[in-house]
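Asker: This is the structure I want to talk about, given as structure tokens.
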Protein chains: 2
Amino acid sequence: MSPNRALVFKEIPSGLPVPGKHLAVEEIPGDETTACPEGGLVLKSLYSSLDPYQRGRMRPPHVQSYYPALPVGETFTSRAIAQVVSSDNPQFRPGDTVIGMLSIQEVVILEAKSLPFVRLLDNPMSIEDIRAFLGPLGVPGLTAYGGLYEIGKPERGQTIFVSAASGAVGQMVGQIAKLEGLRVVGSVGSDEKLKFILDELGFDAGFNYKTESSLADALARVAPEGLDIFFDNVGGDHLDAALAHMKDHGRVVLCGTISDYNKAPEDRYPVRNTTYIFSKRLTVRGFLVSDKEIMEKYSAEHQRRVQGWLKDGTLRTKIWEVQGVENAPEAFLALFTGKNFGKVVLKY
Amino acid sequence: MSPNRALVFKEIPSGLPVPGKHLAVEEIPGDETTACPEGGLVLKSLYSSLDPYQRGRMRPPHVQSYYPALPVGETFTSRAIAQVVSSDNPQFRPGDTVIGMLSIQEVVILEAKSLPFVRLLDNPMSIEDIRAFLGPLGVPGLTAYGGLYEIGKPERGQTIFVSAASGAVGQMVGQIAKLEGLRVVGSVGSDEKLKFILDELGFDAGFNYKTESSLADALARVAPEGLDIFFDNVGGDHLDAALAHMKDHGRVVLCGTISDYNKAPEDRYPVRNTTYIFSKRLTVRGFLVSDKEIMEKYSAEHQRRVQGWLKDGTLRTKIWEVQGVENAPEAFLALFTGKNFGKVVLKY
Ligand SMILES: NC(=O)c1ccc[n+]([C@@H]2O[C@H](COP(=O)([O-])OP(=O)(O)OC[C@H]3O[C@@H](n4cnc5c(N)ncnc54)[C@H](OP(=O)(O)O)[C@@H]3O)[C@@H](O)[C@H]2O)c1
Ligand SMILES: NC(=O)c1ccc[n+]([C@@H]2O[C@H](COP(=O)([O-])OP(=O)(O)OC[C@H]3O[C@@H](n4cnc5c(N)ncnc54)[C@H](OP(=O)(O)O)[C@@H]3O)[C@@H](O)[C@H]2O)c1
């Protein structure tokens with residue numbers, strides 16, 4: 001058997017993590033021939049999701065945040081799809097495909113007590129590319145869907161601006177907003193991504209923020225009518241510029257602030273336009289996909305509608321697949337440099 | 001008769017307006033003996049409200065904001081209480097007390113077409129001090145009431161922080177929150193104001209932000225449990241510090257950002273903590289008292305409850321009265337230096 005390898009947290013970083021120093025791929029015990037624990041499973045990983053929030057876990061344990069800190073020395077976890085190698089539980093049989101929160105490693109030995117973290121992959125419409133269950137049908141998809149409807153409150157004819165528009169969440173927000181009859185504009189970090197959101201996702205307009213001298217000017221150009229909704233994945237400079245460009249009573253869906261995740265608090269972008277939240281009577285609201293008003297309210301509807309849209313080709317999915325667990329650090333860090341082009345999935 | 005004097009807008013200021021230069025009291029035509037216009041009224045002003053939003057009207061007409069720009073050369077307007085001197089309308093009789101949007105001047109000659117701007121003062125509980133209709137029963141009162149309930153969503157046992165806590169809006173917010181069973185903390189700009197909110201309004205804790213070296217430390221001291229609600233009248237540094245101190249799912253009622261009103265956009269306070277709106281899933285929402293969801297939803301309830309509380313002594317009111325229209329500029333500017341101590345009312 002080949003050795004079992006895992007993505008391990010090595011040291012708390014202060015800026016962008018460095019592979020080999022702050023996170024590393026290491027050999028660990030256990031392989032496909034390991035005896036199945038009593039009542040448990042032996043799983044062979046197929047795909048793992050890599051996500052921006054994992055950066056937030058690489059912090060000192062005493063710092064409070066929405067997701068538990070990962071202790072130094074532990075293996076990263078994430079949503080993953082795996083195949084059952086051996087099972088001591090009647091609900092799972094060898095060959096079954098499961099999905100759940102798993103360690104990022106090639107072979108996962110699950111004790112009985114950890115079984116609640118996985119379930120059989122439910123694919124009623126036989127979606128061919130099961131990686132979709134980590135993207136449009138997974139956490140990024142529900143995030144886009146729930147955040148857009150719950151906070152954005154989209155209405156036909158309104159204008160929405162999406163930041164990080166080609167990413168896992170952004171590509172879904174833009175496409176669903178188009179289906180709802182909105183005018184959709186987006187910002188991305190490369191000309192290739194810009195071409196993609198315009199030509200393949202059907203955005204009405206967009207810009208590459210890396211080649212614009214002023215975000216305010218870019219917004220005024222692509223959405224001279226002003227913004228009813230801003231679905232923000234970036235925060236900082238994007239939030240600042242958009243606040244000044246919102247229409248009265250606009251909604252800012254604060255989905256993430258990825259431009260801050262590698263910054264010390266004192267280095268965060270200085271937002272000077274919060275005064276418009278008052279004078280334009282904006283609602284700026286943050287949310288997590290795991291919040292009750294998203295998870296409970298939208299999960300079933302999201303699965304039903306998005307599965308349908310994927311099946312009939314209404315929605316496009318762009319996945320950025322990286323092969324081999326040895327490349328997991330690079331795949332993860334791409335999220336923060338913008339090297340990824342679509343939902344980041346690690347293929348084992 | 002004494003001459004008629006008015007508060008006139010002279011020149012667009014760039015910072016804090018200067019009396020005599022940007023606004024001035026000037027003699028204008030008309031006095032109590034002026035013939036009543038057909039279908040109109042002649043009014044003698046009793047009290048005028050002076051309010052922070054009037055600063056926002058002193059801008060170039062092409063700059064968009066929520067309240068129309070005041071053309072240079074025109075008289076300021078505000079909510080006022082006046083007495084009917086002569087009337088050519090059967091609904092009003094000499095001696096009647098009226099309330100409405102009027103020019104800030106000693107005698108007001110109202111054409112028939114301007115009659116919708118005033119109505120008879122409705123005082124069913126015979127509140128003795130009618131200045132209350134410019135304070136707790138007027139715009140600041142409805143602002144406090146509607147903003148607190150609609151956006152703050154107060155719940156017994158929660159903690160609310162109120163900025164500019166001794167002011168017209170702040171004093172109401174704090175007292176109503178106490179009635180709702182909240183823990184109430186406030187910030188003010190002098191030790192005298194601090195004593196007032198603690199000893200007379202019943203705030204649980206507070207601080208004088210002018211003598212604190214760090215707002216973050218002050219908040220941690222007065223509300224170690226964190227904030228469920230922040231009712232913000234100040235913006236800028238207060239908003240920044242409070243965002244870092246909010247509890248998960250907290251609400252920020254962005255009522256005003258008075259610390260910005262005399263600043264150029266580039267000089268506004270750089271807020272670095274917007275990232276917490278995402279990670280703590282906060283709702284930050286601005287509103288105007290004139291918005292439908294405040295005005296229509298809360299006006300009647302506000303009048304009924306607050307009149308009752310004033311009548312039975314449950315609520316205290318602090319009014320800062322300035323006598324004589326010649327002192328109107330000083331009264332107005334006090335709002336921005338913090339010289340006022342309570343609701344600013346000009347008495348004629
Ligand atoms: N609220 C929730 O429950 C929830 C759930 C999932 C994700 N999220 C958030 O959603 C956002 C997107 O996540 P995702 O999984 O869909 O990732 P993604 O968009 O597929 O990848 C991240 C992208 O962010 C952009 N980016 C990175 N650093 C940036 C910077 N400094 N300035 C501007 N753009 C930057 C890059 O795109 P460009 O090349 O276009 O710049 C990068 O490709 C993140 O903020 C994440 O935290 C929130
Ligand atoms: N949303 C609405 O519809 C609506 C309606 C009415 C009023 N408002 C807003 O509510 C707020 C309070 O208005 P108000 O009529 O009740 O006035 P107020 O509080 O009676 O007077 C203004 C007070 O603001 C404080 N202040 C001024 N400049 C400041 C600065 N740079 N930093 C910190 N504090 C400062 C001062 O108090 P200290 O001495 O304590 O600093 C001053 O006494 C304003 O922002 C106003 O625009 C909003």
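By order in the structure tokens, chains are A, B, ...; within a chain, residues start at 1; ligands start at 1, following the order shown.
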Write out as number ranges by chain every residue belonging to chain B that has an atom at most 9 Å from any atom of chain A, counting only C-alpha atoms.

Answerer: B: 65-66, 235-236, 239, 248-249, 253-257, 260, 265-288, 291

Asker: Fewer than 4 positions away in the same chain doesn't count, so skip those; otherwise give me all residues within 12 Å of A:Leu333, counting only C-alpha atoms, as a list in words.

Answerer: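 Everything that qualifies: Gly15, Leu16, Pro17, Val18, Pro19, His22, Leu23, Leu50, Asp51, Pro52, Tyr53, Gln54, Arg55, Ile258, Tyr261, Asn262, Val322, Asn327, Ala328, Pro329, Thr337, Gly338, Lys339, Asn340 and Val344 of chain A.
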
Asker: Contacts of A:Ile197 at 9 Å or less, counting only C-alpha atoms, minus same-chain residues fewer than 6 places along, as an MDAnalysis selection string?

Answerer: chainID A and resid 165:166 171 174 186 188 203:206

Asker: Output N, CA and C atoms for every residue in that selection, as a PDB file, in the first residue's frame.

Answerer:
ATOM      1  N   ALA A 165     -16.218  37.322  -7.986  1.00  0.00           N
ATOM      2  CA  ALA A 165     -17.392  36.839  -8.725  1.00  0.00           C
ATOM      3  C   ALA A 165     -17.184  35.515  -9.440  1.00  0.00           C
ATOM      4  N   SER A 166     -15.943  35.132  -9.707  1.00  0.00           N
ATOM      5  CA  SER A 166     -15.735  33.852 -10.400  1.00  0.00           C
ATOM      6  C   SER A 166     -15.531  32.710  -9.418  1.00  0.00           C
ATOM      7  N   GLN A 171     -19.685  32.742  -8.218  1.00  0.00           N
ATOM      8  CA  GLN A 171     -20.245  32.259  -9.495  1.00  0.00           C
ATOM      9  C   GLN A 171     -21.700  31.818  -9.325  1.00  0.00           C
ATOM     10  N   GLY A 174     -24.009  35.124  -8.768  1.00  0.00           N
ATOM     11  CA  GLY A 174     -24.239  35.826 -10.031  1.00  0.00           C
ATOM     12  C   GLY A 174     -25.254  35.116 -10.908  1.00  0.00           C
ATOM     13  N   GLY A 186     -19.926  42.225 -11.617  1.00  0.00           N
ATOM     14  CA  GLY A 186     -19.001  41.532 -10.720  1.00  0.00           C
ATOM     15  C   GLY A 186     -17.596  42.070 -10.812  1.00  0.00           C
ATOM     16  N   VAL A 188     -13.482  40.784 -10.346  1.00  0.00           N
ATOM     17  CA  VAL A 188     -12.596  39.616 -10.300  1.00  0.00           C
ATOM     18  C   VAL A 188     -11.152  40.091 -10.374  1.00  0.00           C
ATOM     19  N   PHE A 203     -22.899  37.420 -16.730  1.00  0.00           N
ATOM     20  CA  PHE A 203     -22.911  38.708 -16.024  1.00  0.00           C
ATOM     21  C   PHE A 203     -23.118  39.830 -17.040  1.00  0.00           C
ATOM     22  N   ASP A 204     -23.781  40.891 -16.619  1.00  0.00           N
ATOM     23  CA  ASP A 204     -24.039  42.013 -17.521  1.00  0.00           C
ATOM     24  C   ASP A 204     -22.824  42.915 -17.673  1.00  0.00           C
ATOM     25  N   ALA A 205     -22.004  42.971 -16.637  1.00  0.00           N
ATOM     26  CA  ALA A 205     -20.805  43.803 -16.702  1.00  0.00           C
ATOM     27  C   ALA A 205     -19.869  43.380 -15.580  1.00  0.00           C
ATOM     28  N   GLY A 206     -18.644  43.854 -15.655  1.00  0.00           N
ATOM     29  CA  GLY A 206     -17.694  43.490 -14.607  1.00  0.00           C
ATOM     30  C   GLY A 206     -16.384  44.203 -14.814  1.00  0.00           C
TER      31      GLY A 206
END

Asker: Excluding B:Thr33 and residues on its chain fewer than 5 positions from it, collect all residues at most 10 Å away from it, counting only C-alpha atoms, and give them as a ChimeraX atom specification.

Answerer: /B:1,42,85-86,107

Asker: Using N, CA, C and O atoms, can you export the residues from the last selection as a PDB file, in the first residue's frame?

Answerer:
ATOM      1  N   MET B   1     -43.920  97.529  16.733  1.00  0.00           N
ATOM      2  CA  MET B   1     -43.550  96.106  16.730  1.00  0.00           C
ATOM      3  C   MET B   1     -42.027  95.954  16.659  1.00  0.00           C
ATOM      4  O   MET B   1     -41.332  96.736  16.025  1.00  0.00           O
ATOM      5  N   VAL B  42     -50.866  83.949  10.077  1.00  0.00           N
ATOM      6  CA  VAL B  42     -49.701  84.648  10.615  1.00  0.00           C
ATOM      7  C   VAL B  42     -49.391  84.006  11.971  1.00  0.00           C
ATOM      8  O   VAL B  42     -50.274  83.872  12.820  1.00  0.00           O
ATOM      9  N   VAL B  85     -51.441  84.134  15.289  1.00  0.00           N
ATOM     10  CA  VAL B  85     -51.730  85.556  15.532  1.00  0.00           C
ATOM     11  C   VAL B  85     -52.983  85.945  14.768  1.00  0.00           C
ATOM     12  O   VAL B  85     -53.915  86.533  15.309  1.00  0.00           O
ATOM     13  N   SER B  86     -53.017  85.601  13.494  1.00  0.00           N
ATOM     14  CA  SER B  86     -54.235  85.827  12.716  1.00  0.00           C
ATOM     15  C   SER B  86     -54.402  84.703  11.711  1.00  0.00           C
ATOM     16  O   SER B  86     -53.419  84.077  11.316  1.00  0.00           O
ATOM     17  N   VAL B 107     -41.544  85.760  13.321  1.00  0.00           N
ATOM     18  CA  VAL B 107     -42.931  85.765  12.829  1.00  0.00           C
ATOM     19  C   VAL B 107     -42.950  85.077  11.471  1.00  0.00           C
ATOM     20  O   VAL B 107     -42.099  85.353  10.614  1.00  0.00           O
TER      21      VAL B 107
END

Asker: A:Lys193, A:Arg183, A:Lys113, A:Lys247: which is nearest ligand 1, counting only C-alpha atoms and all ligand atoms?

Answerer: A:Lys193

Asker: Find the residues around stretch 212-219 of chain B up to 12 Å (only C-alpha atoms counted), leave out those fewer than 3 positions away in its own chain, and share them as a ChimeraX atom specification.

Answerer: /B:159-163,184-191,205-209,222-227,230,236-246,273

Asker: If I take atom CA of A:Pro29 and atom CA of A:Asn4, how far is one from the other in Å, to one decimal?

Answerer: 6.5 Å

Asker: Could you name the residues that touch stretch 301-304 of chain A at 10 Å or less, counting only C-alpha atoms, but leaving out those on the same chain fewer than 2 positions away, as an NGL selection string?

Answerer: :A and (123-125 or 133 or 136-138 or 141-146 or 295-299 or 306-309)

Asker: Give me a file of those residues, with C-alpha atoms, as a JSON list (two decimals), in the first residue's frame.

Answerer:
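Dumped to selection_36.json:
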[["chain", "number", "residue", "atom", "x", "y", "z"],
["A", 123, "ASN", "CA", -27.79, 12.11, -5.33],
["A", 124, "PRO", "CA", -31.44, 11.67, -6.37],
["A", 125, "MET", "CA", -31.02, 13.34, -9.77],
["A", 133, "PHE", "CA", -21.65, 18.39, -3.84],
["A", 136, "PRO", "CA", -22.88, 24.44, -6.03],
["A", 137, "LEU", "CA", -24.64, 21.72, -4.02],
["A", 138, "GLY", "CA", -22.32, 22.07, -1.03],
["A", 141, "GLY", "CA", -23.78, 26.84, -2.97],
["A", 142, "LEU", "CA", -25.96, 27.09, 0.11],
["A", 143, "THR", "CA", -23.99, 30.13, 1.22],
["A", 144, "ALA", "CA", -24.73, 31.84, -2.08],
["A", 145, "TYR", "CA", -28.34, 30.74, -2.14],
["A", 146, "GLY", "CA", -29.24, 31.49, 1.47],
["A", 295, "MET", "CA", -29.27, 26.23, 7.13],
["A", 296, "GLU", "CA", -32.74, 25.29, 8.32],
["A", 297, "LYS", "CA", -34.63, 27.66, 6.08],
["A", 298, "TYR", "CA", -32.89, 27.08, 2.76],
["A", 299, "SER", "CA", -31.17, 23.67, 2.73],
["A", 306, "VAL", "CA", -29.91, 23.84, -7.72],
["A", 307, "GLN", "CA", -29.91, 20.12, -8.53],
["A", 308, "GLY", "CA", -32.57, 20.85, -11.12],
["A", 309, "TRP", "CA", -30.61, 23.75, -12.59]]

Asker: Within stretch 153-323 of chain B, find each residue whose DSSP state, derived from the backbone, is strand (DSSP E), and express the selection as a count of residues only.

Answerer: 38

Asker: Any chance you could list, as a PyMOL selection string, the residues in stretch 52-289 of chain A that come up helix (DSSP H, G or I) when DSSP is run on the backbone?

Answerer: chain A and resi 53-57+112-117+130-134+139-152+168-179+191-200+209-211+215-222+237-245+258-260+265-267+275-279

Asker: Which residues are near A:Pro60? Cut-off 10 Å, only C-alpha atoms, ignore same chain within fewer than 4 positions. Put them as a VMD selection string.

Answerer: chain A and resid 11 to 13 56 64 69 to 72

Asker: Using Å and a single decimal, report how far atom 39 (O, counted along the ligand's line) of ligand 2 sits from atom CA of B:Leu198.

Answerer: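 Result for atom CA of B:Leu198 versus atom 39 (O, counted along the ligand's line) of ligand 2: 14.8 Å, one decimal.
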